[in-house]
>>> print(open('upload17.csv').read())   # CSV, C-alpha atoms
chain,number,residue,atom,x,y,z
O,1080,MET,CA,13.2,-29.0,13.7
O,1081,LYS,CA,10.7,-27.8,11.1
O,1082,LYS,CA,11.8,-26.2,7.9
O,1083,ILE,CA,9.9,-23.0,7.6
O,1084,ILE,CA,10.7,-20.5,4.8
O,1085,VAL,CA,9.2,-17.0,4.5
O,1086,VAL,CA,9.8,-15.4,1.2
O,1087,GLY,CA,9.8,-11.6,1.5
O,1088,ALA,CA,10.7,-9.3,4.4
O,1089,GLY,CA,7.9,-6.7,4.0
O,1090,PHE,CA,5.0,-6.4,6.4
O,1091,SER,CA,3.3,-9.7,5.6
O,1092,GLY,CA,6.5,-11.8,5.7
O,1093,SER,CA,8.0,-10.1,8.7
O,1094,ILE,CA,4.8,-10.3,10.8
O,1095,ILE,CA,4.3,-14.0,10.0
O,1096,ALA,CA,7.9,-14.8,10.7
O,1097,ARG,CA,7.8,-13.1,14.1
O,1098,LYS,CA,4.6,-14.8,15.1
O,1099,ILE,CA,5.9,-18.2,14.1
O,1100,ALA,CA,9.2,-17.6,16.0
O,1101,ASP,CA,7.3,-16.3,19.1
O,1102,GLU,CA,4.2,-18.4,19.4
O,1103,LEU,CA,5.4,-21.7,17.9
O,1104,ASN,CA,9.0,-21.4,19.0
O,1105,CYS,CA,10.1,-22.6,15.6
O,1106,SER,CA,13.1,-21.5,13.5
O,1107,VAL,CA,12.2,-19.4,10.5
O,1108,THR,CA,14.3,-18.5,7.4
O,1109,VAL,CA,13.4,-15.2,5.8
O,1110,VAL,CA,14.6,-14.8,2.3
O,1111,GLU,CA,14.6,-11.4,0.7
O,1112,LYS,CA,15.6,-10.6,-2.9
O,1113,ARG,CA,16.4,-7.0,-2.2
O,1114,SER,CA,19.3,-5.5,-0.3
O,1115,HIS,CA,17.1,-4.5,2.7
O,1116,ILE,CA,14.2,-5.6,4.8
O,1117,GLY,CA,10.9,-3.7,5.0
O,1118,GLY,CA,9.6,-4.2,1.5
O,1119,ASN,CA,8.1,-1.1,0.0
O,1120,ALA,CA,7.7,0.5,3.5
O,1121,TYR,CA,11.5,0.7,3.7
O,1122,ASP,CA,12.9,4.2,4.7
O,1123,GLU,CA,16.3,5.7,5.4
O,1124,TYR,CA,17.9,9.0,6.3
O,1125,ASP,CA,19.4,10.7,3.3
O,1126,GLU,CA,22.6,12.8,3.2
O,1127,ASN,CA,20.6,15.8,4.5
O,1128,GLY,CA,19.3,13.9,7.6
O,1129,ILE,CA,15.8,13.7,6.2
O,1130,LEU,CA,13.9,10.4,6.7
O,1131,VAL,CA,12.9,9.4,3.2
O,1132,GLN,CA,10.5,6.5,2.4
O,1133,LYS,CA,12.2,5.1,-0.7
O,1134,TYR,CA,9.1,3.6,-2.3
O,1135,GLY,CA,6.6,6.4,-1.6
O,1136,PRO,CA,4.8,7.6,1.5
O,1137,HIS,CA,3.2,5.2,4.0
O,1138,PHE,CA,1.0,6.1,7.0
O,1139,LEU,CA,-0.5,4.0,9.7
O,1140,ASN,CA,-4.3,4.6,9.5
O,1141,THR,CA,-6.7,2.1,11.1
O,1142,ASN,CA,-9.9,1.6,13.1
O,1143,LYS,CA,-8.4,-1.4,14.8
O,1144,TYR,CA,-6.3,-0.4,17.8
O,1145,PHE,CA,-4.7,-3.9,18.1
O,1146,VAL,CA,-2.8,-3.0,14.8
O,1147,ILE,CA,-1.2,-0.1,16.6
O,1148,LYS,CA,-0.6,-2.0,19.8
O,1149,PHE,CA,1.1,-4.8,17.9
O,1150,LEU,CA,3.5,-2.4,16.1
O,1151,GLU,CA,4.2,-0.5,19.3
O,1152,GLN,CA,6.1,-3.6,20.5
O,1153,TYR,CA,8.8,-2.9,17.9
O,1154,ALA,CA,9.0,0.9,17.7
O,1155,GLU,CA,7.7,4.1,19.3
O,1156,LEU,CA,4.8,5.7,17.3
O,1157,PHE,CA,3.5,9.2,17.4
O,1158,PRO,CA,0.0,10.5,16.4
O,1159,HIS,CA,-0.1,12.0,12.9
O,1160,ASN,CA,-3.3,12.9,11.0
O,1161,THR,CA,-2.5,12.6,7.3
O,1162,LYS,CA,-3.6,15.6,5.3
O,1163,LEU,CA,-3.3,16.1,1.6
O,1164,LEU,CA,-4.1,18.7,-1.1
O,1165,SER,CA,-4.9,18.3,-4.7
O,1166,PHE,CA,-3.8,20.8,-7.4
O,1167,ILE,CA,-6.8,21.4,-9.7
O,1168,ASP,CA,-7.3,24.2,-12.2
O,1169,GLY,CA,-4.3,26.1,-10.9
O,1170,LYS,CA,-5.2,26.1,-7.2
O,1171,TYR,CA,-4.9,23.8,-4.2
O,1172,VAL,CA,-8.0,22.1,-2.9
O,1173,ARG,CA,-8.4,19.8,0.1
O,1174,LEU,CA,-8.1,16.1,-0.5
O,1175,PRO,CA,-10.3,14.2,0.5
O,1176,PHE,CA,-12.8,16.4,-1.3
O,1177,ASN,CA,-15.1,17.8,1.4
O,1178,PHE,CA,-17.5,20.6,1.9
O,1179,GLN,CA,-14.7,23.2,1.7
O,1180,THR,CA,-13.8,21.7,-1.7
O,1181,VAL,CA,-17.4,22.3,-2.9
O,1182,GLN,CA,-17.0,26.0,-2.1
O,1183,GLU,CA,-13.6,26.1,-3.8
O,1184,LEU,CA,-14.7,24.4,-7.0
O,1185,VAL,CA,-18.2,26.0,-7.5
O,1186,GLY,CA,-17.8,29.2,-5.5
O,1187,ALA,CA,-19.2,30.0,-2.0
O,1188,GLU,CA,-22.5,31.5,-3.2
O,1189,LYS,CA,-23.4,28.7,-5.6
O,1190,SER,CA,-22.3,26.1,-3.0
O,1191,GLU,CA,-25.1,26.9,-0.5
O,1192,LYS,CA,-27.9,25.0,-2.2
O,1193,LEU,CA,-25.6,22.1,-3.1
O,1194,LEU,CA,-24.3,21.7,0.4
O,1195,LYS,CA,-27.8,21.7,1.8
O,1196,LYS,CA,-28.8,18.9,-0.6
O,1197,LEU,CA,-25.6,16.9,0.2
O,1198,ARG,CA,-26.4,17.1,4.0
O,1199,GLU,CA,-30.0,15.9,3.4
O,1200,GLU,CA,-29.3,13.1,0.9
O,1201,PHE,CA,-26.4,11.7,2.8
O,1202,ALA,CA,-27.5,12.4,6.4
O,1203,GLY,CA,-25.6,10.2,8.9
O,1204,ARG,CA,-22.9,9.2,6.4
O,1205,ASP,CA,-19.3,10.4,6.9
O,1206,ARG,CA,-17.9,9.6,3.5
O,1207,VAL,CA,-19.5,8.9,0.1
O,1208,PRO,CA,-17.8,7.3,-3.0
O,1209,VAL,CA,-17.6,9.7,-5.9
O,1210,LEU,CA,-19.4,7.2,-8.2
O,1211,GLU,CA,-22.4,7.4,-5.9
O,1212,LEU,CA,-22.4,11.1,-6.6
O,1213,VAL,CA,-22.0,10.6,-10.3
O,1214,ASN,CA,-24.9,8.2,-10.5
O,1215,HIS,CA,-27.2,10.2,-8.1
O,1216,SER,CA,-30.8,11.0,-9.3
O,1217,ASP,CA,-30.5,14.6,-8.2
O,1218,ILE,CA,-29.2,16.7,-11.1
O,1219,GLU,CA,-27.1,19.1,-9.1
O,1220,ILE,CA,-25.4,16.3,-7.0
O,1221,CYS,CA,-24.8,14.3,-10.2
O,1222,LYS,CA,-23.4,17.4,-11.9
O,1223,TYR,CA,-21.0,18.0,-9.0
O,1224,GLY,CA,-20.0,14.3,-8.9
O,1225,ASN,CA,-19.1,14.4,-12.6
O,1226,LEU,CA,-17.1,17.6,-12.0
O,1227,LEU,CA,-15.0,15.8,-9.4
O,1228,PHE,CA,-14.8,12.7,-11.6
O,1229,GLU,CA,-13.6,14.5,-14.7
O,1230,LYS,CA,-11.2,16.9,-13.1
O,1231,ALA,CA,-9.7,14.6,-10.5
O,1232,TYR,CA,-10.5,10.9,-10.4
O,1233,LYS,CA,-10.6,10.1,-14.1
O,1234,THR,CA,-7.3,11.9,-15.0
O,1235,TYR,CA,-5.5,10.7,-11.9
O,1236,ILE,CA,-6.6,7.1,-12.2
O,1237,SER,CA,-5.8,7.0,-15.9
O,1238,LYS,CA,-2.2,8.0,-15.2
O,1239,MET,CA,-1.9,5.8,-12.1
O,1240,TRP,CA,-3.1,2.6,-13.7
O,1241,GLY,CA,-2.4,3.1,-17.4
O,1242,ILE,CA,-5.6,1.4,-18.6
O,1243,ASP,CA,-9.2,2.4,-19.5
O,1244,ILE,CA,-10.9,3.6,-16.3
O,1245,ASN,CA,-13.9,1.4,-17.1
O,1246,LYS,CA,-11.7,-1.7,-16.6
O,1247,ILE,CA,-10.4,-0.7,-13.1
O,1248,ASP,CA,-11.7,-2.6,-10.1
O,1249,LYS,CA,-14.4,-0.5,-8.3
O,1250,TYR,CA,-12.5,-0.8,-5.1
O,1251,VAL,CA,-9.8,1.5,-6.5
O,1252,LEU,CA,-12.4,4.1,-7.5
O,1253,ASP,CA,-13.9,4.0,-4.0
O,1254,ARG,CA,-10.6,4.4,-2.1
O,1255,VAL,CA,-10.8,8.1,-1.5
O,1256,PRO,CA,-14.5,9.0,-1.0
O,1257,MET,CA,-15.8,12.5,-0.5
O,1258,ALA,CA,-16.2,13.7,3.1
O,1259,MET,CA,-19.7,14.8,3.9
O,1260,ASN,CA,-18.4,17.5,6.3
O,1261,TYR,CA,-15.3,19.7,6.7
O,1262,ASP,CA,-13.0,16.8,7.8
O,1263,GLU,CA,-9.5,17.5,6.5
O,1264,ARG,CA,-8.0,14.1,7.3
O,1265,TYR,CA,-7.2,12.1,4.2
O,1266,LEU,CA,-8.8,9.0,5.7
O,1267,ASN,CA,-11.5,8.9,8.3
O,1268,LYS,CA,-9.7,6.3,10.5
O,1269,ASP,CA,-9.7,6.5,14.3
O,1270,PHE,CA,-6.1,5.8,14.9
O,1271,GLN,CA,-3.4,7.6,12.8
O,1272,TYR,CA,0.3,7.3,13.6
O,1273,LEU,CA,3.8,7.3,12.2
O,1274,PRO,CA,6.9,5.6,13.7
O,1275,LYS,CA,9.2,8.2,15.3
O,1276,ASN,CA,12.4,6.8,13.8
O,1277,GLY,CA,10.9,5.4,10.6
O,1278,PHE,CA,9.4,2.1,9.4
O,1279,THR,CA,12.7,0.3,9.0
O,1280,GLU,CA,13.2,0.3,12.8
O,1281,ILE,CA,9.9,-1.6,13.1
O,1282,PHE,CA,11.2,-4.3,10.7
O,1283,LYS,CA,14.7,-4.5,12.4
O,1284,ASN,CA,13.2,-5.1,15.8
O,1285,MET,CA,10.5,-7.4,14.5
O,1286,LEU,CA,13.0,-9.7,12.8
O,1287,ASP,CA,15.5,-9.5,15.7
O,1288,HIS,CA,14.7,-12.9,17.2
O,1289,HIS,CA,16.9,-15.9,18.0
O,1290,ASN,CA,14.5,-18.1,15.9
O,1291,ILE,CA,14.7,-15.9,12.8
O,1292,LYS,CA,17.5,-15.9,10.2
O,1293,VAL,CA,17.3,-13.3,7.4
O,1294,PHE,CA,19.1,-13.7,4.1
O,1295,LEU,CA,19.3,-10.6,1.8
O,1296,TYR,CA,20.2,-10.5,-1.9
O,1297,GLN,CA,18.8,-14.0,-2.3
O,1298,ASN,CA,16.2,-15.0,-4.9
O,1299,ALA,CA,14.1,-17.7,-3.3
O,1300,LEU,CA,12.9,-18.9,-6.7
O,1301,ASP,CA,16.4,-20.3,-7.3
O,1302,HIS,CA,15.8,-22.6,-4.4
O,1303,ILE,CA,12.1,-23.6,-4.8
O,1304,LYS,CA,11.0,-26.7,-6.7
O,1305,PHE,CA,7.7,-28.4,-6.9
O,1306,ASP,CA,7.3,-32.1,-6.2
O,1307,GLU,CA,4.1,-32.8,-8.2
O,1308,GLU,CA,4.1,-36.5,-7.3
O,1309,ASN,CA,3.8,-35.8,-3.6
O,1310,ASN,CA,2.0,-32.5,-3.9
O,1311,THR,CA,4.6,-30.6,-1.9
O,1312,VAL,CA,7.1,-27.9,-2.3
O,1313,LEU,CA,10.9,-28.4,-1.8
O,1314,TYR,CA,13.4,-25.8,-0.7
O,1315,ASP,CA,17.0,-26.6,-1.4
O,1316,GLY,CA,15.9,-30.1,-2.3
O,1317,GLU,CA,14.2,-30.8,1.0
O,1318,LYS,CA,10.5,-30.7,1.8
O,1319,ALA,CA,9.4,-27.5,3.5
O,1320,ASP,CA,7.1,-27.8,6.4
O,1321,ALA,CA,5.7,-24.5,5.3
O,1322,LEU,CA,6.6,-22.0,2.6
O,1323,VAL,CA,5.0,-18.6,3.1
O,1324,PHE,CA,5.3,-16.7,-0.2
O,1325,THR,CA,4.6,-12.9,-0.3
O,1326,GLY,CA,6.0,-12.1,-3.8
O,1327,PRO,CA,4.3,-12.1,-7.2
O,1328,VAL,CA,2.6,-15.5,-7.6
O,1329,ASP,CA,3.0,-15.6,-11.4
O,1330,GLU,CA,6.8,-15.6,-10.9
O,1331,LEU,CA,6.5,-18.4,-8.4
O,1332,PHE,CA,5.1,-20.6,-11.1
O,1333,GLY,CA,7.3,-19.4,-13.9
O,1334,PHE,CA,4.4,-17.5,-15.6
O,1335,LYS,CA,2.7,-20.8,-16.4
O,1336,TYR,CA,-0.6,-19.0,-17.0
O,1337,GLY,CA,0.8,-15.7,-18.2
O,1338,SER,CA,2.1,-12.6,-16.5
O,1339,LEU,CA,-0.1,-10.7,-14.0
O,1340,PRO,CA,-0.1,-6.9,-14.5
O,1341,TYR,CA,1.4,-4.7,-11.8
O,1342,ARG,CA,2.1,-0.9,-11.7
O,1343,SER,CA,5.4,0.5,-10.6
O,1344,LEU,CA,6.8,3.9,-9.9
O,1345,ASP,CA,9.7,6.0,-11.0
O,1346,ILE,CA,10.4,8.4,-8.1
O,1347,LYS,CA,12.5,11.5,-8.6
O,1348,TYR,CA,13.9,13.6,-5.8
O,1349,ARG,CA,14.9,17.2,-5.6
O,1350,TYR,CA,16.5,19.0,-2.7
O,1351,SER,CA,15.7,22.6,-1.8
O,1352,GLU,CA,17.4,24.9,0.6
O,1353,GLN,CA,14.0,26.1,1.7
O,1354,GLU,CA,12.6,24.7,4.9
O,1355,SER,CA,9.1,24.3,3.3
O,1356,VAL,CA,8.4,23.7,-0.4
O,1357,LEU,CA,4.9,22.3,-0.7
O,1358,PRO,CA,1.7,23.7,1.0
O,1359,SER,CA,1.0,20.2,2.4
O,1360,GLU,CA,3.0,17.0,3.1
O,1361,ILE,CA,1.5,15.4,0.0
O,1362,VAL,CA,0.0,17.1,-3.0
O,1363,SER,CA,-1.7,15.2,-5.8
O,1364,TYR,CA,-1.7,16.4,-9.4
O,1365,PRO,CA,-4.5,14.9,-11.4
O,1366,GLN,CA,-4.1,17.3,-14.3
O,1367,ALA,CA,-0.3,17.2,-14.5
O,1368,ASP,CA,1.6,15.5,-17.3
O,1369,GLY,CA,3.0,12.2,-16.3
O,1370,TYR,CA,3.3,12.4,-12.6
O,1371,THR,CA,0.6,11.9,-9.9
O,1372,ARG,CA,1.8,13.3,-6.6
O,1373,GLU,CA,4.6,14.8,-4.6
O,1374,THR,CA,5.7,14.2,-1.0
O,1375,GLU,CA,7.7,16.5,1.2
O,1376,TYR,CA,9.2,14.1,3.7
O,1377,ARG,CA,10.5,16.7,6.1
O,1378,LYS,CA,6.9,17.5,6.9
O,1379,ILE,CA,6.2,14.0,8.3
O,1380,MET,CA,9.3,13.7,10.4
O,1381,PHE,CA,8.8,13.5,14.2
O,1382,ASP,CA,11.7,15.8,14.8
O,1383,ASP,CA,13.2,18.1,12.1
O,1384,LYS,CA,14.6,20.9,14.2
O,1385,ASN,CA,18.2,20.1,13.2
O,1386,ILE,CA,17.4,19.7,9.5
O,1387,LYS,CA,18.4,22.2,6.8
O,1388,GLY,CA,16.5,22.4,3.6
O,1389,SER,CA,13.9,19.9,2.4
O,1390,VAL,CA,13.4,17.1,-0.1
O,1391,VAL,CA,10.4,16.6,-2.4
O,1392,ALA,CA,9.8,13.2,-4.1
O,1393,THR,CA,7.7,13.2,-7.4
O,1394,GLU,CA,6.0,9.9,-8.5
O,1395,TYR,CA,5.8,8.9,-12.1
O,1396,PRO,CA,3.6,5.7,-12.5
O,1397,LEU,CA,4.6,3.2,-15.2
O,1398,GLU,CA,4.0,-0.4,-16.1
O,1399,TYR,CA,6.0,-2.9,-14.1
O,1400,ASP,CA,8.7,-4.5,-16.1
O,1401,ARG,CA,11.0,-6.9,-14.2
O,1402,ALA,CA,13.7,-6.6,-16.8
O,1403,SER,CA,13.8,-2.8,-16.9
O,1404,GLU,CA,16.2,-0.6,-15.1
O,1405,ILE,CA,13.3,1.6,-14.1
O,1406,GLY,CA,9.9,0.3,-13.0
O,1407,ASN,CA,11.3,-3.2,-12.0
O,1408,ILE,CA,9.6,-3.2,-8.6
O,1409,PRO,CA,5.9,-4.2,-8.5
O,1410,TYR,CA,3.8,-1.8,-6.3
O,1411,TYR,CA,0.2,-2.3,-7.2
O,1412,PRO,CA,-1.7,-5.2,-8.7
O,1413,VAL,CA,-3.9,-4.1,-11.6
O,1414,VAL,CA,-7.1,-5.9,-10.7
O,1415,THR,CA,-9.4,-6.2,-13.7
O,1416,GLU,CA,-11.8,-8.9,-14.9
O,1417,GLU,CA,-9.1,-10.3,-17.2
O,1418,SER,CA,-6.3,-10.3,-14.6
O,1419,SER,CA,-8.6,-11.9,-12.0
O,1420,LYS,CA,-9.1,-14.8,-14.3
O,1421,ILE,CA,-5.4,-15.3,-14.7
O,1422,TYR,CA,-4.9,-15.1,-10.9
O,1423,SER,CA,-7.6,-17.7,-10.3
O,1424,GLN,CA,-5.6,-20.2,-12.4
O,1425,TYR,CA,-2.6,-19.6,-10.2
O,1426,LEU,CA,-4.7,-20.0,-7.1
O,1427,GLU,CA,-5.9,-23.4,-8.4
O,1428,GLU,CA,-2.2,-24.3,-8.9
O,1429,VAL,CA,-1.4,-23.4,-5.4
O,1430,LYS,CA,-4.1,-25.6,-4.0
O,1431,LYS,CA,-2.3,-28.7,-5.4
O,1432,TYR,CA,0.5,-28.1,-2.8
O,1433,HIS,CA,-0.5,-28.4,0.8
O,1434,ASN,CA,2.5,-26.6,2.2
O,1435,ILE,CA,2.4,-23.2,0.3
O,1436,PHE,CA,0.8,-20.2,1.9
O,1437,LEU,CA,0.2,-17.0,-0.1
O,1438,CYS,CA,0.0,-13.8,1.9
O,1439,GLY,CA,0.2,-10.1,1.0
O,1440,ARG,CA,-0.6,-7.6,-1.8
O,1441,LEU,CA,1.5,-9.3,-4.5
O,1442,ALA,CA,0.9,-12.9,-3.6
O,1443,GLU,CA,-2.9,-12.5,-3.2
O,1444,PHE,CA,-3.2,-10.0,-6.0
O,1445,LYS,CA,-5.2,-7.6,-3.9
O,1446,TYR,CA,-4.7,-3.9,-3.4
O,1447,TYR,CA,-4.4,-4.0,0.4
O,1448,ASN,CA,-3.9,-0.7,2.2
O,1449,MET,CA,-1.1,-1.0,4.8
O,1450,ASP,CA,-3.5,-1.3,7.8
O,1451,ILE,CA,-5.4,-4.1,6.1
O,1452,CYS,CA,-2.1,-5.8,5.1
O,1453,ILE,CA,-1.0,-5.8,8.7
O,1454,GLU,CA,-4.3,-6.9,10.1
O,1455,HIS,CA,-4.6,-9.6,7.4
O,1456,ALA,CA,-1.1,-11.0,8.2
O,1457,LEU,CA,-1.9,-11.3,11.9
O,1458,GLN,CA,-5.1,-13.2,11.0
O,1459,TYR,CA,-3.5,-15.3,8.3
O,1460,PHE,CA,-0.8,-16.5,10.8
O,1461,GLU,CA,-3.6,-18.5,12.5
O,1462,ASN,CA,-4.0,-20.6,9.4
O,1463,ILE,CA,-0.3,-21.4,9.3
O,1464,LYS,CA,-0.3,-22.0,13.0
O,1465,ASP,CA,-3.1,-24.5,12.7
O,1466,TYR,CA,-1.4,-26.3,9.8
O,1467,LEU,CA,1.9,-26.6,11.6
O,1468,LEU,CA,0.4,-27.8,14.8
O,1469,HIS,CA,-1.6,-30.5,13.1
O,1470,ASP,CA,0.6,-31.5,10.2
>>> encode(input="upload17.csv", output="structure tokens")
Amino acid sequence: MKKIIVVGAGFSGSIIARKIADELNCSVTVVEKRSHIGGNAYDEYDENGILVQKYGPHFLNTNKYFVIKFLEQYAELFPHNTKLLSFIDGKYVRLPFNFQTVQELVGAEKSEKLLKKLREEFAGRDRVPVLELVNHSDIEICKYGNLLFEKAYKTYISKMWGIDINKIDKYVLDRVPMAMNYDERYLNKDFQYLPKNGFTEIFKNMLDHHNIKVFLYQNALDHIKFDEENNTVLYDGEKADALVFTGPVDELFGFKYGSLPYRSLDIKYRYSEQESVLPSEIVSYPQADGYTRETEYRKIMFDDKNIKGSVVATEYPLEYDRASEIGNIPYYPVVTEESSKIYSQYLEEVKKYHNIFLCGRLAEFKYYNMDICIEHALQYFENIKDYLLHD
């Protein structure tokens, strides 16, 4: 019997636990600090019968169909193309910014010449990062890129991350590129789905295995100790054959090299007796004071015919503070040159212990989108499998 511990019941932890239980026929203990499984993808029906994602909206968008096929083992999915709007200068414009946005922001007549240039300069490309527009040699393209950057990207990102935009990792700035066409889908991914009965059902079925035991309300850090003499990790005083950690790595090592920065959210909900409140399922507000976006969850439910009213969730970004009543859940790693240096020190510390495996957005200090997180966990399992089979 191997002693295998998985810390965290989000996508990374749940996927790896299930793969170990299935493919290796090993017992796995999943330890979760919160009161529920599912991590930040957890959702539940509220008192109005509306399926609300407690930690903000999640969508399945991927170019790898094996990701969808894997999840379909645990829940029924339905196709859903995610569409957003952005509220800029008192009007709603399409997000991602596309050729329709050009007309909306500069006017239809003035857009003709600019649209022609964009088609010529970026022929064959579906999406282009806004910084590429900002730094383009053509004056008109550069001017429009700066218009987008100043009115939307700069203001939104400043609120979202709480630091100088020049310090933000370029990956963040490139996450929502401009569509070089009239495509209205938020992301240009081939396969876009949502689970019919919510994400929590996926996790329930994924963790429902005779080889898996789940413990909620349990802080794994109270059970973990480091045996420096033998370069191994102990759990409840015994050597763990493998410890898969998906939480913040700085907490794992008692902040030995300092705290890593994360952003959190304060999400406020309001109920309306109206069947529809927002003009789109999600609206971003780059120019609003304090909040970044709103989600109307009724609009992304598979079946809402028996629902009365609607619920809108408003997101207020703030600095993660583990000791605070609000903002005590880490959502997004703030990847900068300085924080990357701190993380590299923790990574060197991990290498001392052969039986620790870091996986996921928090543990690896990377801003994984959900599809990448799932794909990465499936691939990462192969490393753990190889270790356990040859240890």
>>> residues_around(input="upload17.csv", residues="O:Gly1326", least_positions_apart="6", cutoff="7 Å", atoms="all atoms listed in the file", output="ChimeraX atom specification")
/O:1087,1441-1442
>>> residues_around(input="upload17.csv", residues="O:Cys1438", least_positions_apart="3", cutoff="8 Å", atoms="all atoms listed in the file", output="ChimeraX atom specification")
/O:1091-1092,1323-1325,1441-1443,1456,1459
>>> write_last_selection(input="upload17.csv", atoms="C-alpha atoms", output="JSON list (two decimals), keeping the file's coordinate frame")
[["chain", "number", "residue", "atom", "x", "y", "z"],
["O", 1091, "SER", "CA", 3.30, -9.70, 5.60],
["O", 1092, "GLY", "CA", 6.50, -11.80, 5.70],
["O", 1323, "VAL", "CA", 5.00, -18.60, 3.10],
["O", 1324, "PHE", "CA", 5.30, -16.70, -0.20],
["O", 1325, "THR", "CA", 4.60, -12.90, -0.30],
["O", 1441, "LEU", "CA", 1.50, -9.30, -4.50],
["O", 1442, "ALA", "CA", 0.90, -12.90, -3.60],
["O", 1443, "GLU", "CA", -2.90, -12.50, -3.20],
["O", 1456, "ALA", "CA", -1.10, -11.00, 8.20],
["O", 1459, "TYR", "CA", -3.50, -15.30, 8.30]]
>>> atom_distance(input="upload17.csv", atom1="atom CA of O:Leu1164", atom2="atom CA of O:Arg1204")
22.4 Å
>>> atom_distance(input="upload17.csv", atom1="atom CA of O:Lys1192", atom2="atom CA of O:Tyr1171")
23.1 Å
>>> atom_distance(input="upload17.csv", atom1="atom CA of O:Arg1173", atom2="atom CA of O:Ser1351")
24.3 Å
>>> closest_atom_pairs(input="upload17.csv", of="stretch 1198-1242 of chain O", to="stretch 1401-1414 of chain O", cutoff="12 Å", atoms="all atoms listed in the file", output="Markdown table")
| residue | atom | partner | partner_atom | distance |
| --- | --- | --- | --- | --- |
| O:Ile1236 | CA | O:Val1413 | CA | 11.5 |
| O:Met1239 | CA | O:Tyr1411 | CA | 9.7 |
| O:Trp1240 | CA | O:Val1413 | CA | 7.1 |
| O:Gly1241 | CA | O:Val1413 | CA | 9.4 |
| O:Ile1242 | CA | O:Val1413 | CA | 9.1 |
>>> residues_near_point(input="upload17.csv", point="(16.8, -11.8, 13.8)", cutoff="12 Å", atoms="only C-alpha atoms", output="JSON, numbers by chain")
{"O": [1088, 1093, 1096, 1097, 1100, 1101, 1106, 1107, 1108, 1109, 1116, 1282, 1283, 1284, 1285, 1286, 1287, 1288, 1289, 1290, 1291, 1292, 1293, 1294]}
>>> residues_around(input="upload17.csv", residues="stretch 1262-1275 of chain O", least_positions_apart="3", cutoff="6 Å", atoms="all atoms listed in the file", output="list in words")
Leu1139, Asn1140, Thr1141, Asn1142, Glu1155, Leu1156, Phe1157, Pro1158, His1159, Asn1160, Thr1161, Lys1162, Pro1175 and Phe1381 of chain O
>>> residues_around(input="upload17.csv", residues="O:Val1328", least_positions_apart="5", cutoff="12 Å", atoms="all atoms listed in the file", output="ChimeraX atom specification")
/O:1086,1300,1323,1333-1341,1409,1412,1421-1429,1435-1445
>>> write_last_selection(input="upload17.csv", atoms="C-alpha atoms", output="JSON list (two decimals), keeping the file's coordinate frame")
[["chain", "number", "residue", "atom", "x", "y", "z"],
["O", 1086, "VAL", "CA", 9.80, -15.40, 1.20],
["O", 1300, "LEU", "CA", 12.90, -18.90, -6.70],
["O", 1323, "VAL", "CA", 5.00, -18.60, 3.10],
["O", 1333, "GLY", "CA", 7.30, -19.40, -13.90],
["O", 1334, "PHE", "CA", 4.40, -17.50, -15.60],
["O", 1335, "LYS", "CA", 2.70, -20.80, -16.40],
["O", 1336, "TYR", "CA", -0.60, -19.00, -17.00],
["O", 1337, "GLY", "CA", 0.80, -15.70, -18.20],
["O", 1338, "SER", "CA", 2.10, -12.60, -16.50],
["O", 1339, "LEU", "CA", -0.10, -10.70, -14.00],
["O", 1340, "PRO", "CA", -0.10, -6.90, -14.50],
["O", 1341, "TYR", "CA", 1.40, -4.70, -11.80],
["O", 1409, "PRO", "CA", 5.90, -4.20, -8.50],
["O", 1412, "PRO", "CA", -1.70, -5.20, -8.70],
["O", 1421, "ILE", "CA", -5.40, -15.30, -14.70],
["O", 1422, "TYR", "CA", -4.90, -15.10, -10.90],
["O", 1423, "SER", "CA", -7.60, -17.70, -10.30],
["O", 1424, "GLN", "CA", -5.60, -20.20, -12.40],
["O", 1425, "TYR", "CA", -2.60, -19.60, -10.20],
["O", 1426, "LEU", "CA", -4.70, -20.00, -7.10],
["O", 1427, "GLU", "CA", -5.90, -23.40, -8.40],
["O", 1428, "GLU", "CA", -2.20, -24.30, -8.90],
["O", 1429, "VAL", "CA", -1.40, -23.40, -5.40],
["O", 1435, "ILE", "CA", 2.40, -23.20, 0.30],
["O", 1436, "PHE", "CA", 0.80, -20.20, 1.90],
["O", 1437, "LEU", "CA", 0.20, -17.00, -0.10],
["O", 1438, "CYS", "CA", 0.00, -13.80, 1.90],
["O", 1439, "GLY", "CA", 0.20, -10.10, 1.00],
["O", 1440, "ARG", "CA", -0.60, -7.60, -1.80],
["O", 1441, "LEU", "CA", 1.50, -9.30, -4.50],
["O", 1442, "ALA", "CA", 0.90, -12.90, -3.60],
["O", 1443, "GLU", "CA", -2.90, -12.50, -3.20],
["O", 1444, "PHE", "CA", -3.20, -10.00, -6.00],
["O", 1445, "LYS", "CA", -5.20, -7.60, -3.90]]
>>> closest_residue(input="upload17.csv", among="O:His1433, O:Asn1104, O:Val1391, O:Glu1354", to="O:Asn1310", atoms="only C-alpha atoms")
O:His1433
